[in-house]
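For reference, target06.cif (mmCIF, C-alpha atoms):
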```cif
data_target
loop_
_atom_site.group_PDB
_atom_site.id
_atom_site.type_symbol
_atom_site.label_atom_id
_atom_site.label_comp_id
_atom_site.auth_asym_id
_atom_site.auth_seq_id
_atom_site.Cartn_x
_atom_site.Cartn_y
_atom_site.Cartn_z
ATOM 1 C CA VAL A 1 56.240 83.824 80.825
ATOM 2 C CA SER A 2 56.559 84.286 77.071
ATOM 3 C CA PHE A 3 58.945 81.346 76.910
ATOM 4 C CA LEU A 4 56.514 79.206 78.931
ATOM 5 C CA ARG A 5 53.651 80.212 76.635
ATOM 6 C CA LEU A 6 55.741 79.332 73.623
ATOM 7 C CA LEU A 7 56.626 75.989 75.177
ATOM 8 C CA ALA A 8 52.960 75.269 75.960
ATOM 9 C CA CYS A 9 51.957 76.146 72.390
ATOM 10 C CA ALA A 10 54.686 73.888 71.003
ATOM 11 C CA ALA A 11 53.553 71.044 73.279
ATOM 12 C CA LEU A 12 49.910 71.474 72.202
ATOM 13 C CA LEU A 13 50.911 71.519 68.543
ATOM 14 C CA ALA A 14 53.020 68.394 69.035
ATOM 15 C CA ILE A 15 50.109 66.587 70.739
ATOM 16 C CA ALA A 16 47.704 67.676 67.980
ATOM 17 C CA GLY A 17 50.172 66.499 65.346
ATOM 18 C CA HIS A 18 50.638 63.174 67.084
ATOM 19 C CA GLY A 19 46.848 62.700 67.320
ATOM 20 C CA HIS A 20 46.506 63.509 63.618
ATOM 21 C CA ALA A 21 49.215 61.012 62.710
ATOM 22 C CA ARG A 22 47.589 58.362 64.912
ATOM 23 C CA GLY A 23 44.213 58.934 63.244
ATOM 24 C CA ALA A 24 45.546 58.633 59.694
ATOM 25 C CA PRO A 25 45.729 54.794 59.536
ATOM 26 C CA ASP A 26 42.122 54.656 60.787
ATOM 27 C CA ALA A 27 41.057 57.164 58.110
ATOM 28 C CA VAL A 28 42.842 55.087 55.452
ATOM 29 C CA ALA A 29 41.243 51.847 56.706
ATOM 30 C CA ALA A 30 37.806 53.542 56.602
ATOM 31 C CA LEU A 31 38.486 54.770 53.058
ATOM 32 C CA THR A 32 39.582 51.374 51.727
ATOM 33 C CA GLY A 33 36.610 49.685 53.427
ATOM 34 C CA GLN A 34 34.183 52.149 51.829
ATOM 35 C CA PHE A 35 35.925 51.721 48.477
ATOM 36 C CA MET A 36 35.594 47.924 48.490
ATOM 37 C CA GLU A 37 31.951 48.266 49.561
ATOM 38 C CA ALA A 38 31.293 50.733 46.710
ATOM 39 C CA ARG A 39 32.882 48.341 44.183
ATOM 40 C CA GLN A 40 30.735 45.526 45.461
ATOM 41 C CA ALA A 41 27.590 47.660 45.235
ATOM 42 C CA TYR A 42 28.511 49.139 41.826
ATOM 43 C CA ASP A 43 28.062 52.556 43.457
ATOM 44 C CA VAL A 44 29.651 54.839 40.844
ATOM 45 C CA ALA A 45 29.002 58.074 42.776
ATOM 46 C CA ALA A 46 30.816 56.685 45.825
ATOM 47 C CA LEU A 47 33.691 55.356 43.682
ATOM 48 C CA GLU A 48 34.039 58.792 42.119
ATOM 49 C CA ALA A 49 34.113 60.457 45.535
ATOM 50 C CA LEU A 50 36.638 58.017 47.018
ATOM 51 C CA THR A 51 39.187 58.077 44.169
ATOM 52 C CA ALA A 52 41.543 60.795 42.959
ATOM 53 C CA GLU A 53 41.301 61.960 39.356
ATOM 54 C CA ASP A 54 44.572 60.198 38.517
ATOM 55 C CA TYR A 55 43.451 56.887 40.068
ATOM 56 C CA VAL A 56 44.753 53.796 38.253
ATOM 57 C CA GLU A 57 44.097 50.103 38.938
ATOM 58 C CA VAL A 58 45.395 46.726 37.828
ATOM 59 C CA THR A 59 42.542 44.200 37.784
ATOM 60 C CA GLU A 60 42.666 40.504 38.706
ATOM 61 C CA ALA A 61 43.014 39.831 34.937
ATOM 62 C CA GLY A 62 46.139 42.015 34.812
ATOM 63 C CA GLU A 63 44.366 44.764 32.897
ATOM 64 C CA LEU A 64 45.496 48.374 33.443
ATOM 65 C CA ARG A 65 42.462 50.577 34.010
ATOM 66 C CA ARG A 66 42.419 54.328 34.521
ATOM 67 C CA ARG A 67 39.670 56.016 36.541
ATOM 68 C CA PRO A 68 37.246 56.729 33.640
ATOM 69 C CA ALA A 69 37.417 53.074 32.526
ATOM 70 C CA MET A 70 36.964 51.849 36.129
ATOM 71 C CA LEU A 71 33.906 54.106 36.586
ATOM 72 C CA ALA A 72 32.468 53.073 33.202
ATOM 73 C CA PHE A 73 32.912 49.403 34.122
ATOM 74 C CA HIS A 74 30.985 49.843 37.370
ATOM 75 C CA ALA A 75 28.307 51.984 35.677
ATOM 76 C CA LEU A 76 27.343 48.922 33.612
ATOM 77 C CA GLY A 77 26.103 47.224 36.772
ATOM 78 C CA ARG A 78 26.533 43.740 38.131
ATOM 79 C CA ARG A 79 27.600 41.086 35.663
ATOM 80 C CA GLU A 80 29.508 38.856 38.000
ATOM 81 C CA VAL A 81 28.088 36.432 40.511
ATOM 82 C CA TYR A 82 30.699 36.833 43.216
ATOM 83 C CA ARG A 83 30.324 38.924 46.318
ATOM 84 C CA VAL A 84 32.941 39.908 48.836
ATOM 85 C CA LEU A 85 32.598 38.069 52.094
ATOM 86 C CA GLN A 86 35.276 39.886 54.017
ATOM 87 C CA VAL A 87 37.832 42.664 53.632
ATOM 88 C CA GLU A 88 40.734 42.243 56.022
ATOM 89 C CA PRO A 89 43.352 45.021 56.196
ATOM 90 C CA VAL A 90 46.610 43.136 56.758
ATOM 91 C CA GLN A 91 49.065 46.007 56.935
ATOM 92 C CA THR A 92 49.030 49.801 56.614
ATOM 93 C CA ARG A 93 52.248 51.737 56.089
ATOM 94 C CA MET A 94 52.227 55.518 56.397
ATOM 95 C CA LEU A 95 54.757 57.274 54.140
ATOM 96 C CA GLY A 96 54.003 60.910 54.979
ATOM 97 C CA ASP A 97 50.843 61.933 53.166
ATOM 98 C CA VAL A 98 50.755 58.649 51.237
ATOM 99 C CA ALA A 99 49.515 55.375 52.740
ATOM 100 C CA VAL A 100 50.085 51.873 51.370
ATOM 101 C CA GLN A 101 47.623 49.264 52.587
ATOM 102 C CA THR A 102 47.585 45.526 51.915
ATOM 103 C CA VAL A 103 44.198 43.816 52.185
ATOM 104 C CA LEU A 104 42.979 40.246 51.921
ATOM 105 C CA LEU A 105 39.628 39.847 50.155
ATOM 106 C CA SER A 106 37.590 36.675 50.599
ATOM 107 C CA TYR A 107 34.939 35.940 47.981
ATOM 108 C CA LYS A 108 32.037 33.533 47.916
ATOM 109 C CA THR A 109 30.773 32.629 44.464
ATOM 110 C CA ILE A 110 27.171 31.509 44.380
ATOM 111 C CA ALA A 111 26.985 28.667 41.883
ATOM 112 C CA ALA A 112 24.102 26.383 40.889
ATOM 113 C CA HIS A 113 24.779 23.490 43.250
ATOM 114 C CA LYS A 114 27.574 24.602 45.499
ATOM 115 C CA ASP A 115 29.283 27.715 46.813
ATOM 116 C CA LEU A 116 32.878 28.317 45.817
ATOM 117 C CA TYR A 117 35.307 30.223 48.014
ATOM 118 C CA SER A 118 38.260 32.173 46.695
ATOM 119 C CA ALA A 119 40.553 34.981 47.773
ATOM 120 C CA ALA A 120 42.486 37.902 46.366
ATOM 121 C CA ARG A 121 45.129 40.222 47.745
ATOM 122 C CA ALA A 122 45.235 43.907 46.954
ATOM 123 C CA THR A 123 47.635 46.780 47.492
ATOM 124 C CA LEU A 124 45.742 50.045 47.855
ATOM 125 C CA VAL A 125 47.572 53.381 47.826
ATOM 126 C CA ALA A 126 45.857 56.445 49.267
ATOM 127 C CA ARG A 127 46.960 60.047 49.314
ATOM 128 C CA GLN A 128 45.922 62.834 51.648
ATOM 129 C CA MET A 129 44.499 65.726 49.638
ATOM 130 C CA GLY A 130 43.627 68.565 51.991
ATOM 131 C CA GLU A 131 41.645 67.014 54.829
ATOM 132 C CA GLN A 132 40.565 64.030 52.756
ATOM 133 C CA TRP A 133 42.244 60.742 51.879
ATOM 134 C CA LYS A 134 41.628 59.503 48.327
ATOM 135 C CA LEU A 135 42.739 56.363 46.530
ATOM 136 C CA VAL A 136 45.315 56.827 43.781
ATOM 137 C CA SER A 137 46.120 53.191 43.039
ATOM 138 C CA ALA A 138 44.739 49.670 43.504
ATOM 139 C CA HIS A 139 46.237 46.384 42.363
ATOM 140 C CA PHE A 140 44.431 43.026 42.672
ATOM 141 C CA THR A 141 45.865 39.496 42.408
ATOM 142 C CA VAL A 142 43.863 36.288 42.803
ATOM 143 C CA ALA A 143 45.311 34.206 45.636
ATOM 144 C CA ARG A 144 45.603 30.433 45.679
ATOM 145 C CA PRO A 145 42.424 28.949 47.190
ATOM 146 C CA LEU A 146 42.246 29.401 50.947
ATOM 147 C CA ARG A 147 39.627 26.863 51.748
ATOM 148 C CA GLY A 148 38.984 25.252 48.388
ATOM 149 C CA GLU A 149 35.497 24.235 47.359
ATOM 150 C CA ARG A 150 32.721 23.654 49.803
ATOM 151 C CA GLU A 151 29.579 21.705 49.175
ATOM 152 C CA MET B 1 56.920 97.106 35.791
ATOM 153 C CA LYS B 2 60.240 95.774 37.048
ATOM 154 C CA LEU B 3 58.465 94.140 39.953
ATOM 155 C CA PHE B 4 55.916 92.562 37.585
ATOM 156 C CA LEU B 5 58.701 91.188 35.378
ATOM 157 C CA ALA B 6 60.523 89.874 38.431
ATOM 158 C CA VAL B 7 57.352 88.113 39.651
ATOM 159 C CA VAL B 8 56.806 86.556 36.211
ATOM 160 C CA ALA B 9 60.458 85.449 36.060
ATOM 161 C CA VAL B 10 60.290 83.897 39.538
ATOM 162 C CA PHE B 11 57.014 82.143 38.629
ATOM 163 C CA LEU B 12 58.464 80.770 35.395
ATOM 164 C CA LEU B 13 61.652 79.638 37.131
ATOM 165 C CA GLY B 14 59.599 77.983 39.870
ATOM 166 C CA ALA B 15 57.294 76.223 37.406
ATOM 167 C CA GLY B 16 60.240 75.119 35.287
ATOM 168 C CA GLY B 17 62.164 73.909 38.302
ATOM 169 C CA SER B 18 59.197 71.977 39.647
ATOM 170 C CA ALA B 19 58.466 70.246 36.326
ATOM 171 C CA SER B 20 62.142 69.477 35.927
ATOM 172 C CA ALA B 21 62.333 68.054 39.465
ATOM 173 C CA ARG B 22 59.321 65.816 38.716
ATOM 174 C CA GLU B 23 60.944 64.616 35.485
ATOM 175 C CA ASP B 24 64.189 63.918 37.337
ATOM 176 C CA ALA B 25 62.341 62.009 40.054
ATOM 177 C CA GLY B 26 60.416 59.997 37.443
ATOM 178 C CA ALA B 27 63.643 59.125 35.633
ATOM 179 C CA ALA B 28 65.368 58.202 38.916
ATOM 180 C CA VAL B 29 62.443 55.939 39.893
ATOM 181 C CA THR B 30 62.496 54.266 36.462
ATOM 182 C CA ARG B 31 66.224 53.593 36.880
ATOM 183 C CA VAL B 32 65.659 52.001 40.297
ATOM 184 C CA THR B 33 62.682 49.860 39.210
ATOM 185 C CA GLY B 34 64.560 48.767 36.067
ATOM 186 C CA LYS B 35 67.573 47.693 38.176
ATOM 187 C CA PHE B 36 65.293 45.961 40.695
ATOM 188 C CA LEU B 37 63.406 43.946 38.053
ATOM 189 C CA GLU B 38 66.652 42.915 36.375
ATOM 190 C CA ALA B 39 68.145 42.015 39.792
ATOM 191 C CA GLN B 40 65.143 39.753 40.512
ATOM 192 C CA ARG B 41 65.414 38.167 37.057
ATOM 193 C CA SER B 42 69.143 37.480 37.457
ATOM 194 C CA PHE B 43 68.938 36.455 41.166
ATOM 195 C CA ASP B 44 71.302 39.285 42.169
ATOM 196 C CA LEU B 45 70.697 39.141 45.911
ATOM 197 C CA PRO B 46 73.009 42.035 46.981
ATOM 198 C CA ALA B 47 71.367 44.322 44.399
ATOM 199 C CA ILE B 48 67.851 43.328 45.491
ATOM 200 C CA ARG B 49 68.833 44.009 49.102
ATOM 201 C CA ALA B 50 70.311 47.414 48.195
ATOM 202 C CA LEU B 51 67.274 48.473 46.150
ATOM 203 C CA THR B 52 64.583 47.600 48.723
ATOM 204 C CA ALA B 53 63.654 49.327 51.964
ATOM 205 C CA GLU B 54 63.551 47.329 55.203
ATOM 206 C CA ASN B 55 59.738 47.584 55.276
ATOM 207 C CA TYR B 56 59.416 46.229 51.701
ATOM 208 C CA VAL B 57 56.422 43.968 51.098
ATOM 209 C CA GLU B 58 55.528 42.058 47.960
ATOM 210 C CA ILE B 59 52.478 40.223 46.636
ATOM 211 C CA SER B 60 53.544 37.481 44.238
ATOM 212 C CA PRO B 61 51.669 36.471 41.052
ATOM 213 C CA ALA B 62 50.209 33.620 43.162
ATOM 214 C CA GLY B 63 48.711 36.185 45.558
ATOM 215 C CA GLU B 64 51.108 35.395 48.393
ATOM 216 C CA LEU B 65 52.133 38.191 50.751
ATOM 217 C CA ASP B 66 55.888 38.130 51.443
ATOM 218 C CA ASP B 67 57.894 40.475 53.626
ATOM 219 C CA ARG B 68 61.442 41.495 52.632
ATOM 220 C CA GLU B 69 63.225 38.643 54.430
ATOM 221 C CA LYS B 70 60.998 36.036 52.816
ATOM 222 C CA MET B 71 61.375 37.658 49.394
ATOM 223 C CA LEU B 72 65.192 37.737 49.767
ATOM 224 C CA GLY B 73 65.077 34.029 50.627
ATOM 225 C CA PHE B 74 63.682 33.250 47.162
ATOM 226 C CA TYR B 75 66.787 34.759 45.572
ATOM 227 C CA ALA B 76 69.407 32.842 47.576
ATOM 228 C CA PRO B 77 72.338 31.699 45.343
ATOM 229 C CA ASP B 78 71.360 28.004 45.677
ATOM 230 C CA LYS B 79 67.908 28.760 44.267
ATOM 231 C CA LYS B 80 69.167 30.472 41.127
ATOM 232 C CA THR B 81 67.565 29.316 37.901
ATOM 233 C CA GLN B 82 67.968 30.493 34.318
ATOM 234 C CA ALA B 83 65.223 33.078 33.802
ATOM 235 C CA PRO B 84 63.845 33.673 30.308
ATOM 236 C CA PRO B 85 64.530 36.987 28.518
ATOM 237 C CA MET B 86 62.318 39.750 29.858
ATOM 238 C CA ALA B 87 61.126 43.005 28.264
ATOM 239 C CA VAL B 88 60.114 45.812 30.647
ATOM 240 C CA GLU B 89 57.610 48.448 29.596
ATOM 241 C CA HIS B 90 57.338 51.341 32.056
ATOM 242 C CA GLU B 91 53.704 52.275 31.450
ATOM 243 C CA LEU B 92 52.956 54.962 34.008
ATOM 244 C CA THR B 93 54.948 56.794 36.692
ATOM 245 C CA ARG B 94 53.372 59.097 39.247
ATOM 246 C CA VAL B 95 55.441 61.029 41.774
ATOM 247 C CA PHE B 96 53.807 62.356 44.969
ATOM 248 C CA GLY B 97 56.644 64.198 46.718
ATOM 249 C CA ASP B 98 58.959 61.522 48.100
ATOM 250 C CA VAL B 99 56.708 58.605 47.107
ATOM 251 C CA ALA B 100 56.348 57.271 43.553
ATOM 252 C CA ILE B 101 53.997 54.694 42.037
ATOM 253 C CA GLN B 102 54.961 52.987 38.812
ATOM 254 C CA THR B 103 53.032 50.514 36.664
ATOM 255 C CA VAL B 104 55.113 48.227 34.474
ATOM 256 C CA LYS B 105 54.386 45.402 32.060
ATOM 257 C CA LEU B 106 56.865 42.522 32.035
ATOM 258 C CA THR B 107 56.885 40.203 29.040
ATOM 259 C CA TYR B 108 58.838 36.932 29.171
ATOM 260 C CA THR B 109 59.749 35.056 26.009
ATOM 261 C CA MET B 110 60.007 31.290 26.367
ATOM 262 C CA THR B 111 60.896 28.611 23.858
ATOM 263 C CA ALA B 112 59.569 25.076 24.309
ATOM 264 C CA GLY B 113 59.598 22.361 21.665
ATOM 265 C CA GLY B 114 60.682 24.847 19.032
ATOM 266 C CA GLU B 115 57.674 27.036 19.792
ATOM 267 C CA VAL B 116 58.110 30.607 21.038
ATOM 268 C CA ARG B 117 55.598 31.701 23.687
ATOM 269 C CA LYS B 118 55.175 34.992 25.473
ATOM 270 C CA MET B 119 53.806 35.496 28.964
ATOM 271 C CA SER B 120 53.137 38.879 30.568
ATOM 272 C CA LEU B 121 52.797 40.167 34.115
ATOM 273 C CA ARG B 122 51.710 43.577 35.216
ATOM 274 C CA ALA B 123 53.314 45.067 38.327
ATOM 275 C CA THR B 124 52.648 48.060 40.547
ATOM 276 C CA LEU B 125 55.835 49.222 42.244
ATOM 277 C CA VAL B 126 55.898 51.788 45.052
ATOM 278 C CA ALA B 127 59.169 53.561 45.856
ATOM 279 C CA GLN B 128 60.088 56.020 48.592
ATOM 280 C CA GLN B 129 62.924 58.515 48.630
ATOM 281 C CA ARG B 130 64.943 58.547 51.848
ATOM 282 C CA ALA B 131 68.105 60.615 52.250
ATOM 283 C CA GLY B 132 68.149 61.308 48.518
ATOM 284 C CA GLU B 133 67.877 57.624 47.565
ATOM 285 C CA TRP B 134 64.845 55.880 46.036
ATOM 286 C CA LYS B 135 64.097 52.425 47.413
ATOM 287 C CA LEU B 136 61.227 50.058 46.755
ATOM 288 C CA VAL B 137 58.694 49.618 49.553
ATOM 289 C CA SER B 138 56.057 47.597 47.726
ATOM 290 C CA ALA B 139 55.582 45.412 44.654
ATOM 291 C CA GLN B 140 52.585 43.460 43.430
ATOM 292 C CA TYR B 141 52.424 41.206 40.354
ATOM 293 C CA THR B 142 49.435 39.896 38.393
ATOM 294 C CA GLY B 143 49.455 37.630 35.352
ATOM 295 C CA VAL B 144 47.972 39.268 32.261
ATOM 296 C CA ARG B 145 45.137 37.109 30.960
ATOM 297 C CA PRO B 146 45.692 36.488 27.245
ATOM 298 C CA PRO B 147 42.949 37.730 24.931
ATOM 299 C CA PRO B 148 40.376 35.035 23.978
ATOM 300 C CA ALA B 149 41.392 32.937 20.991
ATOM 301 C CA ARG B 150 39.608 33.744 17.740
ATOM 302 C CA PRO B 151 37.154 31.042 16.590
#
```
Write out the structure in this file as structure tokens.
Amino acid sequence: VSFLRLLACAALLAIAGHGHARGAPDAVAALTGQFMEARQAYDVAALEALTAEDYVEVTEAGELRRRPAMLAFHALGRREVYRVLQVEPVQTRMLGDVAVQTVLLSYKTIAAHKDLYSAARATLVARQMGEQWKLVSAHFTVARPLRGERE
Amino acid sequence: MKLFLAVVAVFLLGAGGSASAREDAGAAVTRVTGKFLEAQRSFDLPAIRALTAENYVEISPAGELDDREKMLGFYAPDKKTQAPPMAVEHELTRVFGDVAIQTVKLTYTMTAGGEVRKMSLRATLVAQQRAGEWKLVSAQYTGVRPPPARP
């Protein structure tokens, strides 16, 4: 009976572990979605909550920014005219308690006479800290125009 | 007292060992990323293959997402070109267990019409340790925008 109990416990633990592992990519996708939303909204409190203290990013201009500089930049408020149209997670790879996600970002720039469409690709790295996933790295690169200009 | 001293000694040994292990891992990652960047520059296909994991993904400076097979295709012997001299600056290395994230700045020196020009890229490289060996799983490159010219 003891052996059966032990076996049952092991099976339950294995199922729980499997469920946890299955839920991790969803948790990472939710985190990166919230992060991109917070950037778009210049929501400094949310950015602070979603990033680890050692967070570092490389901007579309190739600038290396640590977390305090990233937060200070967003605290200044909106100075750009673009807004994100869509965030599309392309691929999520789980490497233990670290996740590497590639996303495609589509932007629409509101200009005087016409709207311009552009895109960027980002690699976002998240780390599980306790029960929570937090971003430790983000890297952005402007992609060649997807759809070009639209009148 | 003996027990107290033993606890302190164990703590100090543990802390020393852990810091040393992190330093070793950081140095090992820097060696691998240095070899990888030089292998890409010199079109050394076998080295690139040996230094990347099968699930390697890269985002090029043009924002294109390439899997390992596609990336290896760019470095086929018939596509080899003379790359300009490159300086690598390892700016930041973070090790999270068996995953490491490194930010590097690559500066290329080109000569055209007797004029020397420099062009820089910033890269985020993610490596994973498997069976004692570090291999790259992700790379993303972004051109560094030059500072505005003085009037």
Show me which bits of chain A are within 10 Å of chain B, counting all atoms listed in the file, as a ChimeraX atom specification. /A:54,56-64,90-91,93,95-104,119-123,125,127,136-145
Where is the centre and how long are the edges: axis-aligned box on region 112-130 of chain A, 6 Å on each side, Å to one decimal, as AutoDock Vina command-line options:
```
--center_x 35.9 --center_y 46.0 --center_z 46.4 --size_x 35.5 --size_y 57.1 --size_z 23.1
```
Quote the spacing between CA of Gln132 (chain A) and CA of Pro89 (chain A) in Å to one decimal place. 19.5 Å
Taking into account all atoms listed in the file, which residue in the set A:Arg39, A:Leu124, A:Leu71, A:Tyr55 is nearest to Arg83 (chain A)? A:Arg39
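Reported to one decimal place, the separation of CA of Phe73 (chain A) from CA of Val95 (chain B) is 26.5 Å.
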Around the point (65.3, 35.9, 29.3), in the coordinates given by the file, pick out the residues reaching within 9 Å, counting all atoms listed in the file, and return them as a list in words.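 Those within range, by chain then number, are Arg41, Gln82, Ala83, Pro84, Pro85, Met86, Ala87, Tyr108, Thr109 and Met110 of chain B.
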Excluding Asp43 (chain A) and its own-chain neighbours fewer than 4 positions away, which residues fall within 8 Å of it when counting only C-alpha atoms? Please give them as a list of chain:residue names.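 The filter keeps A:Ala38, A:Arg39, A:Leu47, A:His74, A:Ala75.
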Region 29-31 of chain A environment, 9 Å, only C-alpha atoms, sequence neighbours closer than 5 positions dropped, as a list in words: Ala24, Met36, Leu50, Pro89, Thr92, Gln101, Ala126, Trp133, Lys134 and Leu135 of chain A
Tell me which protein, DNA and RNA residues are within 12 Å of Glu133 (chain B), counting all atoms listed in the file, leaving out same-chain ones fewer than 2 positions away, and put them as a VMD selection string. chain B and resid 25 28 to 29 31 to 32 50 to 53 98 to 99 127 to 131 135 to 136
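Across the model, the gap from CA of Asp78 (chain B) to CA of Ala39 (chain B) is 15.5 Å.
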From A:Ala41, A:Ala69, A:Met129, A:Ala46, residue lying nearest Val84 (chain A) [only C-alpha atoms]: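 Of A:Ala41, A:Ala69, A:Met129, A:Ala46, the one nearest Val84 (chain A), counting only C-alpha atoms, is A:Ala41.
Under the PyMOL selection byres ((chain B and resi 76) around 12), the matching residues in the shown file are Gln40, Ser42, Phe43, Asp44, Leu45, Pro46, Ile48, Arg49, Glu69, Lys70, Met71, Leu72, Gly73, Phe74, Tyr75, Pro77, Asp78, Lys79, Lys80 and Thr81 of chain B.
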Residues within 8 Å of Gly34 (chain B), please, as an mmCIF file with C-alpha atoms, in the frame of the given file. Count only C-alpha atoms; anything in the same chain fewer than 4 positions from it doesn't count.
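This went into result-v8.cif:
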```cif
data_model
loop_
_atom_site.group_PDB
_atom_site.id
_atom_site.type_symbol
_atom_site.label_atom_id
_atom_site.label_comp_id
_atom_site.auth_asym_id
_atom_site.auth_seq_id
_atom_site.Cartn_x
_atom_site.Cartn_y
_atom_site.Cartn_z
ATOM 1 C CA THR B 30 62.496 54.266 36.462
ATOM 2 C CA GLU B 38 66.652 42.915 36.375
ATOM 3 C CA VAL B 88 60.114 45.812 30.647
#
```
Here is a test: counting all atoms listed in the file, which residue of A:Gln40, A:Tyr107, A:Leu116, A:Met70 is nearest to Glu88 (chain A)? A:Tyr107
Could you check the closest approach to Arg78 (chain A) for each of A:Gly23, A:Gln34, A:Val28, A:Val44 and tell me which residue wins, using only C-alpha atoms?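 Residue with the minimum atom-to-atom distance to Arg78 (chain A): A:Val44.
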